[in-house]
Amino acid sequence: MLSESVPMEVTPGHLLGRLGMRDVVETDERLVIEMDNRPDLTNIRGALQGGLVATLIDIAAGRLAARHVGSEQSVTTTDLNVHFVAPIVVGPARAQATIVRAGKRLIVTAVDVTDVGRDRLAARSTLSFAVLDPR
């Protein structure tokens with residue numbers, strides 16, 4: 001578990017680094033990451049772009065799912081279902097991913113995204129990941 005938020009480790013210059021995502025909590029059962037609501041990431045109404053919220057969800061869930069496979073295996077998203085229930089207008093957006101079921105071939109996760117500044121649920125999501133063996 002992290003004691004304070006730290007930037008996600010990404011390849012220098014990678015888009016994810018420019019989005020400013022950061023880790024808040026990382027365990028085998030839960031991963032929490034945040035992203036600020038900045039003017040360059042918002043829609044015309046000042047809310048965080050929905051596609052970026054979906055990206056935040058996919059990254060949190062995928063990183064957590066990857067913790068549940070063998071060292072030579074990887075995961076890939078097979079299904080992503082997002083219910084947007086409120087805009088993220090204050091921020092930061094906080095995605096909390098948990099494992100629903102980790103099988104040998106399929107891992108199912110759940111992710112809730114909150115607008116921390118308003119203490120309000122913004123999105124609820126479920127994702128499935130296929131477990132891939134090495135080529």
# chains A, B, ... in the order shown; residues from 1 in each chain; ligands from 1
>>> residues_around(residues="Val90 (chain A)", least_positions_apart="2", cutoff="12 Å", atoms="only C-alpha atoms", output="ChimeraX atom specification")
/A:35-39,42,45-48,86-88,92-94,114-120,122
>>> select_by_dssp(residues="chain A", states="strand (DSSP E or B)", output="JSON, numbers by chain")
{"A": [6, 7, 22, 23, 24, 25, 26, 30, 31, 32, 33, 34, 35, 42, 48, 74, 75, 76, 77, 78, 79, 80, 81, 82, 83, 84, 93, 94, 95, 96, 97, 98, 99, 100, 101, 102, 106, 107, 108, 109, 110, 111, 112, 113, 114, 115, 120, 121, 122, 123, 124, 125, 126, 127, 128, 129, 130, 131, 132]}
>>> select_by_dssp(residues="chain A", states="helix (DSSP H, G or I)", output="ChimeraX atom specification")
/A:15-19,39-41,50-66,116-118
>>> residues_around(residues="Arg101 (chain A)", least_positions_apart="4", cutoff="10 Å", atoms="only C-alpha atoms", output="PyMOL selection string")
chain A and resi 65+106-110+128
>>> write_last_selection(atoms="all heavy atoms", output="JSON list (two decimals), in the first residue's frame")
[["chain", "number", "residue", "atom", "x", "y", "z"],
["A", 65, "ALA", "N", -5.74, -6.50, -12.79],
["A", 65, "ALA", "CA", -5.89, -7.85, -13.35],
["A", 65, "ALA", "C", -4.53, -8.48, -13.62],
["A", 65, "ALA", "O", -4.34, -9.68, -13.38],
["A", 65, "ALA", "CB", -6.72, -7.79, -14.64],
["A", 106, "LEU", "N", -10.00, -15.98, -17.57],
["A", 106, "LEU", "CA", -10.75, -14.72, -17.59],
["A", 106, "LEU", "C", -10.72, -14.08, -16.21],
["A", 106, "LEU", "O", -10.90, -14.77, -15.20],
["A", 106, "LEU", "CB", -12.21, -14.98, -18.01],
["A", 106, "LEU", "CG", -13.07, -13.77, -18.27],
["A", 106, "LEU", "CD1", -12.63, -13.07, -19.55],
["A", 106, "LEU", "CD2", -14.53, -14.18, -18.39],
["A", 107, "ILE", "N", -10.50, -12.78, -16.18],
["A", 107, "ILE", "CA", -10.52, -12.02, -14.93],
["A", 107, "ILE", "C", -11.57, -10.93, -15.07],
["A", 107, "ILE", "O", -11.58, -10.19, -16.06],
["A", 107, "ILE", "CB", -9.14, -11.41, -14.63],
["A", 107, "ILE", "CG1", -8.11, -12.54, -14.44],
["A", 107, "ILE", "CG2", -9.20, -10.52, -13.39],
["A", 107, "ILE", "CD1", -6.68, -12.06, -14.31],
["A", 108, "VAL", "N", -12.44, -10.83, -14.07],
["A", 108, "VAL", "CA", -13.49, -9.81, -14.08],
["A", 108, "VAL", "C", -13.21, -8.82, -12.96],
["A", 108, "VAL", "O", -12.91, -9.21, -11.83],
["A", 108, "VAL", "CB", -14.89, -10.44, -13.90],
["A", 108, "VAL", "CG1", -15.98, -9.37, -13.88],
["A", 108, "VAL", "CG2", -15.17, -11.47, -14.99],
["A", 109, "THR", "N", -13.30, -7.53, -13.30],
["A", 109, "THR", "CA", -13.03, -6.47, -12.34],
["A", 109, "THR", "C", -14.21, -5.51, -12.27],
["A", 109, "THR", "O", -15.05, -5.48, -13.17],
["A", 109, "THR", "CB", -11.77, -5.67, -12.72],
["A", 109, "THR", "OG1", -12.01, -5.04, -13.98],
["A", 109, "THR", "CG2", -10.55, -6.56, -12.80],
["A", 110, "ALA", "N", -14.23, -4.72, -11.21],
["A", 110, "ALA", "CA", -15.22, -3.64, -11.07],
["A", 110, "ALA", "C", -14.44, -2.37, -10.74],
["A", 110, "ALA", "O", -13.44, -2.43, -10.01],
["A", 110, "ALA", "CB", -16.21, -3.96, -9.96],
["A", 128, "SER", "N", -13.85, -7.19, -18.30],
["A", 128, "SER", "CA", -13.35, -8.55, -18.39],
["A", 128, "SER", "C", -12.02, -8.52, -19.12],
["A", 128, "SER", "O", -11.84, -7.75, -20.08],
["A", 128, "SER", "CB", -14.32, -9.45, -19.16],
["A", 128, "SER", "OG", -15.55, -9.51, -18.50]]
>>> atom_distance(atom1="CA of Glu34 (chain A)", atom2="CA of Ala95 (chain A)")
6.2 Å
>>> closest_residue(among="A:Phe129, A:Arg105, A:Arg63, A:Gln49", to="Thr27 (chain A)", atoms="only C-alpha atoms")
A:Arg63
>>> residues_around(residues="region 69-83 of chain A", least_positions_apart="5", cutoff="6 Å", atoms="only C-alpha atoms", output="list of chain:residue names")
A:Ala123, A:Arg124, A:Ser125, A:Thr126, A:Leu127, A:Ser128, A:Phe129, A:Ala130, A:Val131, A:Leu132, A:Asp133, A:Pro134
>>> write_last_selection(atoms="all heavy atoms", output="PDB file, in the first residue's frame")
ATOM      1  N   ALA A 123     -18.897   7.344 -12.148  1.00  0.00           N
ATOM      2  CA  ALA A 123     -19.030   6.237 -13.091  1.00  0.00           C
ATOM      3  C   ALA A 123     -18.878   4.918 -12.359  1.00  0.00           C
ATOM      4  O   ALA A 123     -18.140   4.819 -11.378  1.00  0.00           O
ATOM      5  CB  ALA A 123     -17.983   6.338 -14.195  1.00  0.00           C
ATOM      6  N   ARG A 124     -19.571   3.922 -12.871  1.00  0.00           N
ATOM      7  CA  ARG A 124     -19.453   2.549 -12.364  1.00  0.00           C
ATOM      8  C   ARG A 124     -19.205   1.658 -13.566  1.00  0.00           C
ATOM      9  O   ARG A 124     -19.883   1.794 -14.583  1.00  0.00           O
ATOM     10  CB  ARG A 124     -20.713   2.142 -11.618  1.00  0.00           C
ATOM     11  CG  ARG A 124     -20.659   0.709 -11.136  1.00  0.00           C
ATOM     12  CD  ARG A 124     -21.588   0.460  -9.993  1.00  0.00           C
ATOM     13  NE  ARG A 124     -21.022   1.057  -8.787  1.00  0.00           N
ATOM     14  CZ  ARG A 124     -21.716   1.208  -7.661  1.00  0.00           C
ATOM     15  NH1 ARG A 124     -22.978   0.847  -7.595  1.00  0.00           N
ATOM     16  NH2 ARG A 124     -21.136   1.734  -6.599  1.00  0.00           N
ATOM     17  N   SER A 125     -18.245   0.747 -13.430  1.00  0.00           N
ATOM     18  CA  SER A 125     -17.821  -0.028 -14.581  1.00  0.00           C
ATOM     19  C   SER A 125     -17.492  -1.465 -14.205  1.00  0.00           C
ATOM     20  O   SER A 125     -17.062  -1.737 -13.083  1.00  0.00           O
ATOM     21  CB  SER A 125     -16.574   0.636 -15.179  1.00  0.00           C
ATOM     22  OG  SER A 125     -16.144  -0.025 -16.330  1.00  0.00           O
ATOM     23  N   THR A 126     -17.700  -2.366 -15.167  1.00  0.00           N
ATOM     24  CA  THR A 126     -17.195  -3.731 -15.055  1.00  0.00           C
ATOM     25  C   THR A 126     -16.367  -4.009 -16.304  1.00  0.00           C
ATOM     26  O   THR A 126     -16.679  -3.516 -17.389  1.00  0.00           O
ATOM     27  CB  THR A 126     -18.320  -4.783 -14.940  1.00  0.00           C
ATOM     28  OG1 THR A 126     -19.222  -4.635 -16.034  1.00  0.00           O
ATOM     29  CG2 THR A 126     -19.072  -4.644 -13.631  1.00  0.00           C
ATOM     30  N   LEU A 127     -15.310  -4.774 -16.117  1.00  0.00           N
ATOM     31  CA  LEU A 127     -14.422  -5.108 -17.227  1.00  0.00           C
ATOM     32  C   LEU A 127     -14.050  -6.575 -17.137  1.00  0.00           C
ATOM     33  O   LEU A 127     -13.903  -7.120 -16.047  1.00  0.00           O
ATOM     34  CB  LEU A 127     -13.122  -4.295 -17.176  1.00  0.00           C
ATOM     35  CG  LEU A 127     -13.229  -2.789 -17.252  1.00  0.00           C
ATOM     36  CD1 LEU A 127     -13.391  -2.176 -15.878  1.00  0.00           C
ATOM     37  CD2 LEU A 127     -12.005  -2.210 -17.918  1.00  0.00           C
ATOM     38  N   SER A 128     -13.853  -7.188 -18.301  1.00  0.00           N
ATOM     39  CA  SER A 128     -13.346  -8.551 -18.389  1.00  0.00           C
ATOM     40  C   SER A 128     -12.016  -8.519 -19.118  1.00  0.00           C
ATOM     41  O   SER A 128     -11.844  -7.754 -20.078  1.00  0.00           O
ATOM     42  CB  SER A 128     -14.321  -9.448 -19.159  1.00  0.00           C
ATOM     43  OG  SER A 128     -15.554  -9.512 -18.499  1.00  0.00           O
ATOM     44  N   PHE A 129     -11.098  -9.356 -18.663  1.00  0.00           N
ATOM     45  CA  PHE A 129      -9.771  -9.449 -19.267  1.00  0.00           C
ATOM     46  C   PHE A 129      -9.480 -10.905 -19.598  1.00  0.00           C
ATOM     47  O   PHE A 129      -9.665 -11.781 -18.756  1.00  0.00           O
ATOM     48  CB  PHE A 129      -8.690  -8.944 -18.307  1.00  0.00           C
ATOM     49  CG  PHE A 129      -8.791  -7.473 -18.034  1.00  0.00           C
ATOM     50  CD1 PHE A 129      -9.593  -7.000 -17.008  1.00  0.00           C
ATOM     51  CD2 PHE A 129      -8.108  -6.568 -18.819  1.00  0.00           C
ATOM     52  CE1 PHE A 129      -9.701  -5.638 -16.755  1.00  0.00           C
ATOM     53  CE2 PHE A 129      -8.215  -5.205 -18.581  1.00  0.00           C
ATOM     54  CZ  PHE A 129      -9.015  -4.734 -17.558  1.00  0.00           C
ATOM     55  N   ALA A 130      -9.029 -11.152 -20.820  1.00  0.00           N
ATOM     56  CA  ALA A 130      -8.554 -12.478 -21.202  1.00  0.00           C
ATOM     57  C   ALA A 130      -7.124 -12.621 -20.700  1.00  0.00           C
ATOM     58  O   ALA A 130      -6.335 -11.677 -20.757  1.00  0.00           O
ATOM     59  CB  ALA A 130      -8.587 -12.641 -22.708  1.00  0.00           C
ATOM     60  N   VAL A 131      -6.801 -13.798 -20.189  1.00  0.00           N
ATOM     61  CA  VAL A 131      -5.447 -14.100 -19.746  1.00  0.00           C
ATOM     62  C   VAL A 131      -4.703 -14.690 -20.951  1.00  0.00           C
ATOM     63  O   VAL A 131      -5.154 -15.678 -21.542  1.00  0.00           O
ATOM     64  CB  VAL A 131      -5.451 -15.088 -18.564  1.00  0.00           C
ATOM     65  CG1 VAL A 131      -4.027 -15.460 -18.167  1.00  0.00           C
ATOM     66  CG2 VAL A 131      -6.223 -14.498 -17.390  1.00  0.00           C
ATOM     67  N   LEU A 132      -3.591 -14.071 -21.316  1.00  0.00           N
ATOM     68  CA  LEU A 132      -2.822 -14.481 -22.485  1.00  0.00           C
ATOM     69  C   LEU A 132      -1.550 -15.193 -22.082  1.00  0.00           C
ATOM     70  O   LEU A 132      -0.799 -14.700 -21.218  1.00  0.00           O
ATOM     71  CB  LEU A 132      -2.470 -13.254 -23.334  1.00  0.00           C
ATOM     72  CG  LEU A 132      -3.639 -12.408 -23.801  1.00  0.00           C
ATOM     73  CD1 LEU A 132      -3.119 -11.167 -24.521  1.00  0.00           C
ATOM     74  CD2 LEU A 132      -4.576 -13.198 -24.676  1.00  0.00           C
ATOM     75  N   ASP A 133      -1.300 -16.331 -22.707  1.00  0.00           N
ATOM     76  CA  ASP A 133      -0.037 -17.044 -22.501  1.00  0.00           C
ATOM     77  C   ASP A 133       1.025 -16.428 -23.402  1.00  0.00           C
ATOM     78  O   ASP A 133       0.708 -15.783 -24.413  1.00  0.00           O
ATOM     79  CB  ASP A 133      -0.219 -18.535 -22.813  1.00  0.00           C
ATOM     80  CG  ASP A 133      -1.097 -19.228 -21.784  1.00  0.00           C
ATOM     81  OD1 ASP A 133      -0.994 -18.887 -20.598  1.00  0.00           O
ATOM     82  OD2 ASP A 133      -1.896 -20.102 -22.178  1.00  0.00           O
ATOM     83  N   PRO A 134       2.301 -16.643 -23.076  1.00  0.00           N
ATOM     84  CA  PRO A 134       3.364 -16.084 -23.922  1.00  0.00           C
ATOM     85  C   PRO A 134       3.314 -16.651 -25.331  1.00  0.00           C
ATOM     86  O   PRO A 134       2.855 -17.782 -25.539  1.00  0.00           O
ATOM     87  CB  PRO A 134       4.663 -16.479 -23.217  1.00  0.00           C
ATOM     88  CG  PRO A 134       4.300 -17.511 -22.226  1.00  0.00           C
ATOM     89  CD  PRO A 134       2.830 -17.410 -21.976  1.00  0.00           C
TER      90      PRO A 134
END
>>> atom_distance(atom1="CA of Arg135 (chain A)", atom2="CA of Ala60 (chain A)")
24.8 Å
>>> residues_around(residues="Leu64 (chain A)", least_positions_apart="3", cutoff="8 Å", atoms="only C-alpha atoms", output="PyMOL selection string")
chain A and resi 28-31+60-61+67-68+97-99
>>> residues_around(residues="Ile33 (chain A)", least_positions_apart="6", cutoff="8 Å", atoms="only C-alpha atoms", output="list in words")
Met21, Arg22, Asp23, Val24, Val25, Leu56, Ala60, Arg94, Ala95 and Gln96 of chain A
>>> write_last_selection(atoms="all heavy atoms", output="PDB file, in the first residue's frame")
ATOM      1  N   MET A  21      -1.713  10.821 -14.413  1.00  0.00           N
ATOM      2  CA  MET A  21      -2.285   9.802 -13.534  1.00  0.00           C
ATOM      3  C   MET A  21      -1.282   9.458 -12.446  1.00  0.00           C
ATOM      4  O   MET A  21      -0.082   9.472 -12.668  1.00  0.00           O
ATOM      5  CB  MET A  21      -2.641   8.556 -14.325  1.00  0.00           C
ATOM      6  CG  MET A  21      -3.768   8.763 -15.292  1.00  0.00           C
ATOM      7  SD  MET A  21      -4.175   7.222 -16.131  1.00  0.00           S
ATOM      8  CE  MET A  21      -5.333   7.844 -17.342  1.00  0.00           C
ATOM      9  N   ARG A  22      -1.806   9.161 -11.260  1.00  0.00           N
ATOM     10  CA  ARG A  22      -0.939   8.818 -10.132  1.00  0.00           C
ATOM     11  C   ARG A  22      -1.571   7.719  -9.288  1.00  0.00           C
ATOM     12  O   ARG A  22      -2.790   7.634  -9.180  1.00  0.00           O
ATOM     13  CB  ARG A  22      -0.640  10.045  -9.287  1.00  0.00           C
ATOM     14  CG  ARG A  22      -1.862  10.701  -8.707  1.00  0.00           C
ATOM     15  CD  ARG A  22      -1.552  12.082  -8.112  1.00  0.00           C
ATOM     16  NE  ARG A  22      -2.788  12.765  -7.776  1.00  0.00           N
ATOM     17  CZ  ARG A  22      -3.485  13.523  -8.611  1.00  0.00           C
ATOM     18  NH1 ARG A  22      -3.096  13.695  -9.853  1.00  0.00           N
ATOM     19  NH2 ARG A  22      -4.598  14.109  -8.208  1.00  0.00           N
ATOM     20  N   ASP A  23      -0.717   6.893  -8.716  1.00  0.00           N
ATOM     21  CA  ASP A  23      -1.167   5.807  -7.855  1.00  0.00           C
ATOM     22  C   ASP A  23      -1.445   6.332  -6.460  1.00  0.00           C
ATOM     23  O   ASP A  23      -0.680   7.129  -5.921  1.00  0.00           O
ATOM     24  CB  ASP A  23      -0.101   4.714  -7.768  1.00  0.00           C
ATOM     25  CG  ASP A  23       0.109   3.996  -9.091  1.00  0.00           C
ATOM     26  OD1 ASP A  23      -0.755   4.099  -9.969  1.00  0.00           O
ATOM     27  OD2 ASP A  23       1.145   3.324  -9.240  1.00  0.00           O
ATOM     28  N   VAL A  24      -2.546   5.857  -5.883  1.00  0.00           N
ATOM     29  CA  VAL A  24      -2.915   6.222  -4.519  1.00  0.00           C
ATOM     30  C   VAL A  24      -2.805   4.999  -3.612  1.00  0.00           C
ATOM     31  O   VAL A  24      -2.234   5.076  -2.533  1.00  0.00           O
ATOM     32  CB  VAL A  24      -4.340   6.824  -4.470  1.00  0.00           C
ATOM     33  CG1 VAL A  24      -4.747   7.164  -3.048  1.00  0.00           C
ATOM     34  CG2 VAL A  24      -4.425   8.058  -5.369  1.00  0.00           C
ATOM     35  N   VAL A  25      -3.364   3.870  -4.036  1.00  0.00           N
ATOM     36  CA  VAL A  25      -3.315   2.610  -3.282  1.00  0.00           C
ATOM     37  C   VAL A  25      -3.049   1.493  -4.281  1.00  0.00           C
ATOM     38  O   VAL A  25      -3.663   1.457  -5.350  1.00  0.00           O
ATOM     39  CB  VAL A  25      -4.646   2.329  -2.550  1.00  0.00           C
ATOM     40  CG1 VAL A  25      -4.626   0.958  -1.891  1.00  0.00           C
ATOM     41  CG2 VAL A  25      -4.949   3.405  -1.532  1.00  0.00           C
ATOM     42  N   LEU A  56      -8.984   5.921 -17.820  1.00  0.00           N
ATOM     43  CA  LEU A  56      -8.602   5.777 -16.419  1.00  0.00           C
ATOM     44  C   LEU A  56      -9.123   4.451 -15.856  1.00  0.00           C
ATOM     45  O   LEU A  56      -8.400   3.722 -15.167  1.00  0.00           O
ATOM     46  CB  LEU A  56      -9.153   6.955 -15.608  1.00  0.00           C
ATOM     47  CG  LEU A  56      -8.879   6.983 -14.116  1.00  0.00           C
ATOM     48  CD1 LEU A  56      -7.403   7.248 -13.836  1.00  0.00           C
ATOM     49  CD2 LEU A  56      -9.736   8.069 -13.453  1.00  0.00           C
ATOM     50  N   ALA A  60      -6.699   1.282 -14.582  1.00  0.00           N
ATOM     51  CA  ALA A  60      -6.774   0.798 -13.200  1.00  0.00           C
ATOM     52  C   ALA A  60      -7.127  -0.689 -13.171  1.00  0.00           C
ATOM     53  O   ALA A  60      -6.472  -1.488 -12.487  1.00  0.00           O
ATOM     54  CB  ALA A  60      -7.791   1.612 -12.404  1.00  0.00           C
ATOM     55  N   ARG A  94     -11.047   9.789  -9.140  1.00  0.00           N
ATOM     56  CA  ARG A  94     -10.404   8.671  -8.432  1.00  0.00           C
ATOM     57  C   ARG A  94     -11.068   7.369  -8.861  1.00  0.00           C
ATOM     58  O   ARG A  94     -12.260   7.167  -8.639  1.00  0.00           O
ATOM     59  CB  ARG A  94     -10.517   8.827  -6.930  1.00  0.00           C
ATOM     60  CG  ARG A  94      -9.897   7.652  -6.168  1.00  0.00           C
ATOM     61  CD  ARG A  94      -9.936   7.845  -4.679  1.00  0.00           C
ATOM     62  NE  ARG A  94      -8.992   8.914  -4.315  1.00  0.00           N
ATOM     63  CZ  ARG A  94      -9.014   9.542  -3.151  1.00  0.00           C
ATOM     64  NH1 ARG A  94      -9.924   9.248  -2.250  1.00  0.00           N
ATOM     65  NH2 ARG A  94      -8.124  10.478  -2.891  1.00  0.00           N
ATOM     66  N   ALA A  95     -10.281   6.492  -9.482  1.00  0.00           N
ATOM     67  CA  ALA A  95     -10.767   5.178  -9.920  1.00  0.00           C
ATOM     68  C   ALA A  95     -10.307   4.132  -8.925  1.00  0.00           C
ATOM     69  O   ALA A  95      -9.108   4.004  -8.658  1.00  0.00           O
ATOM     70  CB  ALA A  95     -10.231   4.858 -11.308  1.00  0.00           C
ATOM     71  N   GLN A  96     -11.265   3.385  -8.380  1.00  0.00           N
ATOM     72  CA  GLN A  96     -10.948   2.306  -7.443  1.00  0.00           C
ATOM     73  C   GLN A  96     -11.343   0.988  -8.094  1.00  0.00           C
ATOM     74  O   GLN A  96     -12.527   0.728  -8.291  1.00  0.00           O
ATOM     75  CB  GLN A  96     -11.684   2.493  -6.126  1.00  0.00           C
ATOM     76  CG  GLN A  96     -11.422   1.360  -5.161  1.00  0.00           C
ATOM     77  CD  GLN A  96     -11.946   1.638  -3.782  1.00  0.00           C
ATOM     78  OE1 GLN A  96     -11.299   2.319  -3.010  1.00  0.00           O
ATOM     79  NE2 GLN A  96     -13.118   1.110  -3.467  1.00  0.00           N
TER      80      GLN A  96
END
>>> atom_distance(atom1="CA of Asp40 (chain A)", atom2="CA of Leu121 (chain A)")
22.3 Å
